[in-house]
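Asker: Handing you a structure now.
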Amino acid sequence: MSKRKTILRVENFVKSYEEGKLAVNHLSFDVKEGEVFALIGKSGCGKTTSLKLLSGQLRPDDGSAYIYGERILGPHERLLAGHDKIALVEQDYNLFNHQTVADNIKYPIRRSSKKYQDYRLKELLRICELEDYKDTRPKELSGGQKQRVAIARAIADEPPVLLLDEPFSHLDMAMRSDLRRMVKNIAIEANISVVFVTHDTHDALSMSDRIGVMSQGTILQTASPEEIYKQPLNAYAAHFFPHCNVLTSEELKAVGVNKEEGEYMARPEWLGVVEADHSDKTATLKHIDYFGNASYGQWEFEQGFSVWIHHDSFFTIKVGEKRNIILLDHVDWWKLQTK
Ligand SMILES: Nc1ncnc2c1ncn2[C@@H]1O[C@H](COP(=O)(O)OP(=O)(O)OP(=O)(O)O)[C@@H](O)[C@H]1O
């Protein structure tokens, strides 16, 4: 990935809607050719505003973005809002309901030759798996199918960058998984760089080449999904993934794990349970989050704090039972930054 050319560069974007309150606060990142880049962060951290700045819909108070080294103009500098090299798919799709899927998709290329329009439509219907819905109107489509049409329309004119705002938030699990695969495929097959914002960590982990963790309008950490999962910068980044364990060095010491002073993280599958022998590490199962193929048990130590542990589908221990907790050999508690 690192050898690929940088397509999009954001330098110190700043934006406030109200005086003294920054929605985007010195945001910088770059995106490479064909890369899928996720911006994750809590509600209100500035994800949508960042996409609107990038797409040229909003004017930054400061900072600039560049595509192929060319500065992206704000709405005050151009006649039409938006940018022809960057396509944005917003949360509500914005499809033309009175037109067919084919007409919706062809809209951005309506001034091109008929031959190109026909060729491109065929290609987009294939990539976005919409061949059976070409003559259907959007109101007769499911949420996932509408999202496919919105994406097909957005990339009709072959923009090098596609921005997606919470692309799968309205969709059920099965549809999400199909669409993730489709978006990844678009990036690879059409060599389009995709920037998407989400608060769903599964979307971010499974689709992206890199993730930027946003907080209060800026990126705290940019890294591969694996690094963000295993080596998050701080407790905020660590807690994006559910059932995360963050303990202080004092808490760890109380159960026999000696670490220098600080805060440490372990994912639930880094810990395990063994038969209780009344040692320091004895804990009681307080709660189970059941997911069918796995479950997460909340184990409370006698010292008054608890950890989440991942269990496989053959797990049979019942709430209220006691066991010993172990740290699995191949991993260690990860030290988090506290400042
Ligand atoms: N049009 C607006 N006018 C005033 N404040 C706004 C406007 N749009 C967003 N904000 C504020 O700017 C901040 C960032 O909002 P933004 O929508 O970019 O966050 P977000 O991370 O996309 O949130 P969500 O995940 O809930 O969509 C928030 O404090 C929000 O209240």
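Ligands are numbered from 1 in the order shown, chains are lettered A, B, ... in the order of the structure tokens, and residues start at 1 in each chain.
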Collect all residues with atoms no farther than 12 Å from ligand 1, counting only C-alpha atoms and all ligand atoms, and output them as a PDB file with C-alpha atoms, in the first residue's frame.

Answerer:
ATOM      1  CA  VAL A  14     -10.529  23.728  10.405  1.00  0.00           C
ATOM      2  CA  LYS A  15     -14.293  24.346  10.508  1.00  0.00           C
ATOM      3  CA  SER A  16     -16.648  25.783  13.079  1.00  0.00           C
ATOM      4  CA  TYR A  17     -20.393  26.327  12.759  1.00  0.00           C
ATOM      5  CA  GLU A  18     -20.564  28.382  15.940  1.00  0.00           C
ATOM      6  CA  GLU A  19     -17.914  30.751  17.187  1.00  0.00           C
ATOM      7  CA  GLY A  20     -15.521  29.127  19.627  1.00  0.00           C
ATOM      8  CA  LYS A  21     -16.700  25.563  18.870  1.00  0.00           C
ATOM      9  CA  LEU A  22     -14.605  23.669  16.343  1.00  0.00           C
ATOM     10  CA  ALA A  23     -16.425  20.888  14.467  1.00  0.00           C
ATOM     11  CA  VAL A  24     -13.193  20.042  12.622  1.00  0.00           C
ATOM     12  CA  ASN A  25      -9.938  20.919  14.329  1.00  0.00           C
ATOM     13  CA  LEU A  39     -12.772   7.656   9.557  1.00  0.00           C
ATOM     14  CA  ILE A  40     -14.224   6.335  12.786  1.00  0.00           C
ATOM     15  CA  GLY A  41     -15.304   8.294  15.811  1.00  0.00           C
ATOM     16  CA  LYS A  42     -18.129   8.960  18.217  1.00  0.00           C
ATOM     17  CA  SER A  43     -21.239  10.848  17.155  1.00  0.00           C
ATOM     18  CA  GLY A  44     -20.503  14.565  16.815  1.00  0.00           C
ATOM     19  CA  CYS A  45     -16.715  14.186  16.441  1.00  0.00           C
ATOM     20  CA  GLY A  46     -16.813  15.862  13.003  1.00  0.00           C
ATOM     21  CA  LYS A  47     -16.928  12.969  10.522  1.00  0.00           C
ATOM     22  CA  THR A  48     -19.739  14.254   8.281  1.00  0.00           C
ATOM     23  CA  THR A  49     -18.387  17.800   8.357  1.00  0.00           C
ATOM     24  CA  SER A  50     -14.999  16.462   7.233  1.00  0.00           C
ATOM     25  CA  LEU A  51     -16.601  14.706   4.246  1.00  0.00           C
ATOM     26  CA  LYS A  52     -18.533  17.857   3.313  1.00  0.00           C
ATOM     27  CA  LEU A  53     -15.323  19.876   3.409  1.00  0.00           C
ATOM     28  CA  LEU A  54     -13.634  17.268   1.259  1.00  0.00           C
ATOM     29  CA  GLN A  57     -19.874  21.322  -0.175  1.00  0.00           C
ATOM     30  CA  LEU A  58     -18.592  23.292   2.801  1.00  0.00           C
ATOM     31  CA  GLU A  90     -24.780  10.932   1.612  1.00  0.00           C
ATOM     32  CA  GLN A  91     -26.729   9.026   4.234  1.00  0.00           C
ATOM     33  CA  LEU A 164     -19.368   7.490   1.734  1.00  0.00           C
ATOM     34  CA  ASP A 165     -21.168   8.842   4.791  1.00  0.00           C
ATOM     35  CA  GLU A 166     -22.244   5.988   7.113  1.00  0.00           C
ATOM     36  CA  PRO A 167     -22.796   3.795   4.051  1.00  0.00           C
ATOM     37  CA  SER A 169     -26.145   2.348   8.751  1.00  0.00           C
ATOM     38  CA  PHE A 196     -15.946   6.425   4.394  1.00  0.00           C
ATOM     39  CA  VAL A 197     -17.097   7.522   7.805  1.00  0.00           C
ATOM     40  CA  THR A 198     -18.677   5.162  10.255  1.00  0.00           C
ATOM     41  CA  HIS A 199     -19.207   4.506  13.901  1.00  0.00           C
ATOM     42  CA  ASP A 200     -19.467   0.777  13.148  1.00  0.00           C
ATOM     43  CA  VAL A 213      -9.643   7.411  14.691  1.00  0.00           C
ATOM     44  CA  MET A 214     -11.321  10.809  15.122  1.00  0.00           C
ATOM     45  CA  SER A 215     -12.017  12.673  18.330  1.00  0.00           C
ATOM     46  CA  GLN A 216     -13.116  16.288  18.720  1.00  0.00           C
ATOM     47  CA  GLY A 217     -12.587  17.152  15.072  1.00  0.00           C
ATOM     48  CA  THR A 218      -9.133  15.681  14.615  1.00  0.00           C
ATOM     49  CA  ILE A 219      -7.444  12.335  13.983  1.00  0.00           C
TER      50      ILE A 219
END

Asker: Considering only C-alpha atoms, return as a short mmCIF file (atom, residue, chain, number, x, y, z; two decimals) with N, CA and C atoms, in the first residue's frame whatever protein or nucleic-acid residues lie within 12 Å of Gly144 in chain A, sequence-local ones (same chain, fewer than 4 positions apart) excluded.

Answerer:
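File written: selection-v5.cif
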data_model
loop_
_atom_site.label_atom_id
_atom_site.label_comp_id
_atom_site.auth_asym_id
_atom_site.auth_seq_id
_atom_site.Cartn_x
_atom_site.Cartn_y
_atom_site.Cartn_z
N ASP A 92 -28.73 9.77 3.02
CA ASP A 92 -30.11 9.56 2.53
C ASP A 92 -30.18 9.24 1.03
N TYR A 93 -29.08 8.89 0.41
CA TYR A 93 -28.97 8.43 -0.98
C TYR A 93 -29.33 9.48 -2.06
N CYS A 128 -22.04 -3.28 -9.37
CA CYS A 128 -22.90 -3.02 -8.20
C CYS A 128 -24.02 -4.05 -8.06
N GLU A 129 -23.93 -5.11 -8.83
CA GLU A 129 -24.88 -6.24 -8.75
C GLU A 129 -26.33 -5.77 -8.82
N LEU A 130 -26.61 -5.00 -9.90
CA LEU A 130 -27.96 -4.43 -10.07
C LEU A 130 -28.58 -4.85 -11.40
N PRO A 138 -36.56 3.45 -7.75
CA PRO A 138 -35.96 3.32 -6.41
C PRO A 138 -36.96 2.98 -5.31
N GLU A 140 -39.24 0.98 -5.22
CA GLU A 140 -39.52 -0.46 -5.14
C GLU A 140 -38.30 -1.26 -4.66
N ARG A 148 -26.77 0.60 -3.39
CA ARG A 148 -25.99 0.18 -4.56
C ARG A 148 -26.19 1.15 -5.71
N VAL A 149 -27.45 1.59 -5.90
CA VAL A 149 -27.74 2.52 -7.00
C VAL A 149 -27.02 3.85 -6.74
N ALA A 150 -27.09 4.30 -5.49
CA ALA A 150 -26.44 5.58 -5.15
C ALA A 150 -24.93 5.50 -5.40
N ILE A 151 -24.33 4.35 -5.08
CA ILE A 151 -22.89 4.20 -5.30
C ILE A 151 -22.59 4.12 -6.81
N PRO A 167 -22.17 4.46 5.20
CA PRO A 167 -22.80 3.80 4.05
C PRO A 167 -23.76 2.67 4.39
N PHE A 168 -23.59 2.01 5.52
CA PHE A 168 -24.41 0.83 5.76
C PHE A 168 -25.30 0.97 6.99
N SER A 169 -25.47 2.20 7.46
CA SER A 169 -26.15 2.35 8.75
C SER A 169 -27.61 1.90 8.73
N HIS A 170 -28.26 1.94 7.54
CA HIS A 170 -29.67 1.54 7.51
C HIS A 170 -29.86 0.05 7.22
N LEU A 171 -28.77 -0.69 7.04
CA LEU A 171 -28.89 -2.04 6.48
C LEU A 171 -28.75 -3.15 7.51
N ASP A 172 -29.38 -4.29 7.20
CA ASP A 172 -29.24 -5.43 8.13
C ASP A 172 -27.87 -6.10 7.92
N MET A 173 -27.53 -7.01 8.82
CA MET A 173 -26.18 -7.60 8.85
C MET A 173 -25.79 -8.27 7.53
N ALA A 174 -26.72 -9.05 6.94
CA ALA A 174 -26.37 -9.80 5.73
C ALA A 174 -26.09 -8.84 4.59
N MET A 175 -26.92 -7.79 4.49
CA MET A 175 -26.75 -6.82 3.43
C MET A 175 -25.46 -6.01 3.61
N ARG A 176 -25.17 -5.71 4.86
CA ARG A 176 -23.93 -4.96 5.15
C ARG A 176 -22.73 -5.73 4.63
N SER A 177 -22.74 -7.02 4.87
CA SER A 177 -21.58 -7.81 4.50
C SER A 177 -21.43 -7.86 2.97
N ASP A 178 -22.56 -7.96 2.23
CA ASP A 178 -22.50 -7.94 0.75
C ASP A 178 -21.97 -6.61 0.25
N LEU A 179 -22.45 -5.53 0.87
CA LEU A 179 -22.05 -4.20 0.40
C LEU A 179 -20.59 -3.88 0.73
N ARG A 180 -20.13 -4.35 1.88
CA ARG A 180 -18.71 -4.16 2.21
C ARG A 180 -17.85 -4.79 1.12
N MET A 182 -18.72 -5.40 -1.90
CA MET A 182 -18.87 -4.66 -3.16
C MET A 182 -17.99 -3.41 -3.18
#

Asker: Run DSSP on the backbone of this structure and report the residues of range 227-260 of chain A it assigns to alpha helix (DSSP H), as JSON, numbers by chain.

Answerer: {"A": [227, 228, 229, 230, 235, 236, 237, 238, 249, 250, 251, 252, 253, 254]}

Asker: Using only C-alpha atoms, which protein or nucleic acid residues come within 10 Å of Val274 in chain A? Drop anything in the same chain fewer than 2 positions from it, and give the result as a list in words.

Answerer: Gly272, Ala276, Asp277, Thr282, Lys322, Arg323, Asn324, Ile325 and Ile326 of chain A

Asker: Those same residues, written as a CSV table (one decimal), in the first residue's frame with C-alpha atoms?

Answerer:
chain,number,residue,atom,x,y,z
A,272,GLY,CA,-9.0,-17.2,29.2
A,276,ALA,CA,-10.8,-22.1,40.0
A,277,ASP,CA,-8.1,-22.8,42.6
A,282,THR,CA,-10.4,-15.9,40.9
A,322,LYS,CA,-16.2,-19.0,39.8
A,323,ARG,CA,-13.1,-19.7,37.8
A,324,ASN,CA,-9.5,-18.5,37.5
A,325,ILE,CA,-8.7,-15.9,34.8
A,326,ILE,CA,-5.5,-16.3,32.8

Asker: Counting only C-alpha atoms, which of A:Ile86, A:Leu327, A:Ile67, A:Met207 gets nearest to Lys32 in chain A?

Answerer: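 Nearest candidate to Lys32 in chain A out of A:Ile86, A:Leu327, A:Ile67, A:Met207: A:Ile67.
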
Asker: Can you pull out the residues contacting Thr6 in chain A? Cut-off 9 Å, using only C-alpha atoms, and skip same-chain residues under 3 positions away; I want them as a ChimeraX atom specification.

Answerer: /A:9,30-33,67-69

Asker: Of the candidates A:Ala237, A:Val273, A:Leu336, A:Ala38, which shows the shortest atom-to-atom distance to Leu220 in chain A, using only C-alpha atoms?

Answerer: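 So, comparing all the options, the nearest one is A:Ala237.
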
Asker: I'd like the neighbourhood of Phe37 in chain A as a PyMOL selection string, where a residue qualifies if any of its atoms comes within 12 Å (using only C-alpha atoms), though same-chain residues fewer than 6 positions away should be ignored.

Answerer: chain A and resi 1+7-8+29-31+161-164+183-184+187+192-198+203-213+222-225

Asker: Those same residues, written as a short mmCIF file (atom, residue, chain, number, x, y, z; two decimals), in the first residue's frame with C-alpha atoms?

Answerer:
data_model
loop_
_atom_site.label_atom_id
_atom_site.label_comp_id
_atom_site.auth_asym_id
_atom_site.auth_seq_id
_atom_site.Cartn_x
_atom_site.Cartn_y
_atom_site.Cartn_z
CA MET A 1 0.00 0.00 0.00
CA ILE A 7 -4.38 10.83 -4.51
CA LEU A 8 -5.94 12.92 -1.79
CA PHE A 29 -4.58 12.81 6.44
CA ASP A 30 -3.80 11.38 3.03
CA VAL A 31 -5.35 8.64 0.92
CA VAL A 161 -12.28 9.39 -5.05
CA LEU A 162 -15.57 8.16 -3.56
CA LEU A 163 -16.77 9.47 -0.20
CA LEU A 164 -19.37 7.49 1.73
CA VAL A 183 -17.22 -1.42 -2.02
CA LYS A 184 -13.88 -3.17 -1.52
CA ALA A 187 -11.75 0.14 -4.95
CA ILE A 192 -11.13 4.25 -6.87
CA SER A 193 -9.97 5.54 -3.49
CA VAL A 194 -12.77 5.29 -0.96
CA VAL A 195 -13.07 7.43 2.17
CA PHE A 196 -15.95 6.42 4.39
CA VAL A 197 -17.10 7.52 7.81
CA THR A 198 -18.68 5.16 10.25
CA ASP A 203 -17.34 -1.90 8.80
CA ALA A 204 -14.04 -0.17 9.51
CA LEU A 205 -12.11 -3.35 10.36
CA SER A 206 -13.40 -5.48 7.51
CA MET A 207 -13.31 -2.97 4.65
CA SER A 208 -10.49 -0.54 5.12
CA ASP A 209 -6.79 -0.58 4.37
CA ARG A 210 -6.27 2.12 6.99
CA ILE A 211 -8.38 3.65 9.74
CA GLY A 212 -8.23 7.16 11.16
CA VAL A 213 -9.64 7.41 14.69
CA THR A 222 -4.04 6.46 11.76
CA ALA A 223 -3.03 2.85 11.25
CA SER A 224 -4.00 -0.48 9.70
CA PRO A 225 -7.13 -2.17 11.09
#

Asker: Could you find all residues in range 13-143 of chain A that DSSP calls strand (DSSP E or B) from the backbone, and write them as a PyMOL selection string?

Answerer: chain A and resi 13-18+21-32+36-41+62-67+70-71+83+86-89

Asker: When you draw a straight line from CA of Trp270 in chain A to CA of Arg181 in chain A, how long is it in Å?

Answerer: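 Answer for the CA of Trp270 in chain A to CA of Arg181 in chain A separation: 28.1 Å.
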
Asker: Got a sec: who's within 10 Å of range 284-297 of chain A, counting only C-alpha atoms, leaving out chain neighbours fewer than 3 positions off, as a ChimeraX atom specification?

Answerer: /A:242-243,268-269,276,300-302,306-315,317-325

Asker: Considering only C-alpha atoms, state which residue in the set A:Arg111, A:Arg59, A:Arg153, A:Arg71 is at the smallest distance from Leu95 in chain A.

Answerer: A:Arg153

Asker: Between CA of Ala235 in chain A and CA of Gln298 in chain A, what is the distance, to one decimal in Å?

Answerer: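 Between CA of Ala235 in chain A and CA of Gln298 in chain A the gap is 18.6 Å.
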
Asker: CA of Ala87 in chain A and CA of Thr100 in chain A, how far apart in Å?

Answerer: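 Value for the CA of Thr100 in chain A-CA of Ala87 in chain A distance: 20.6 Å.
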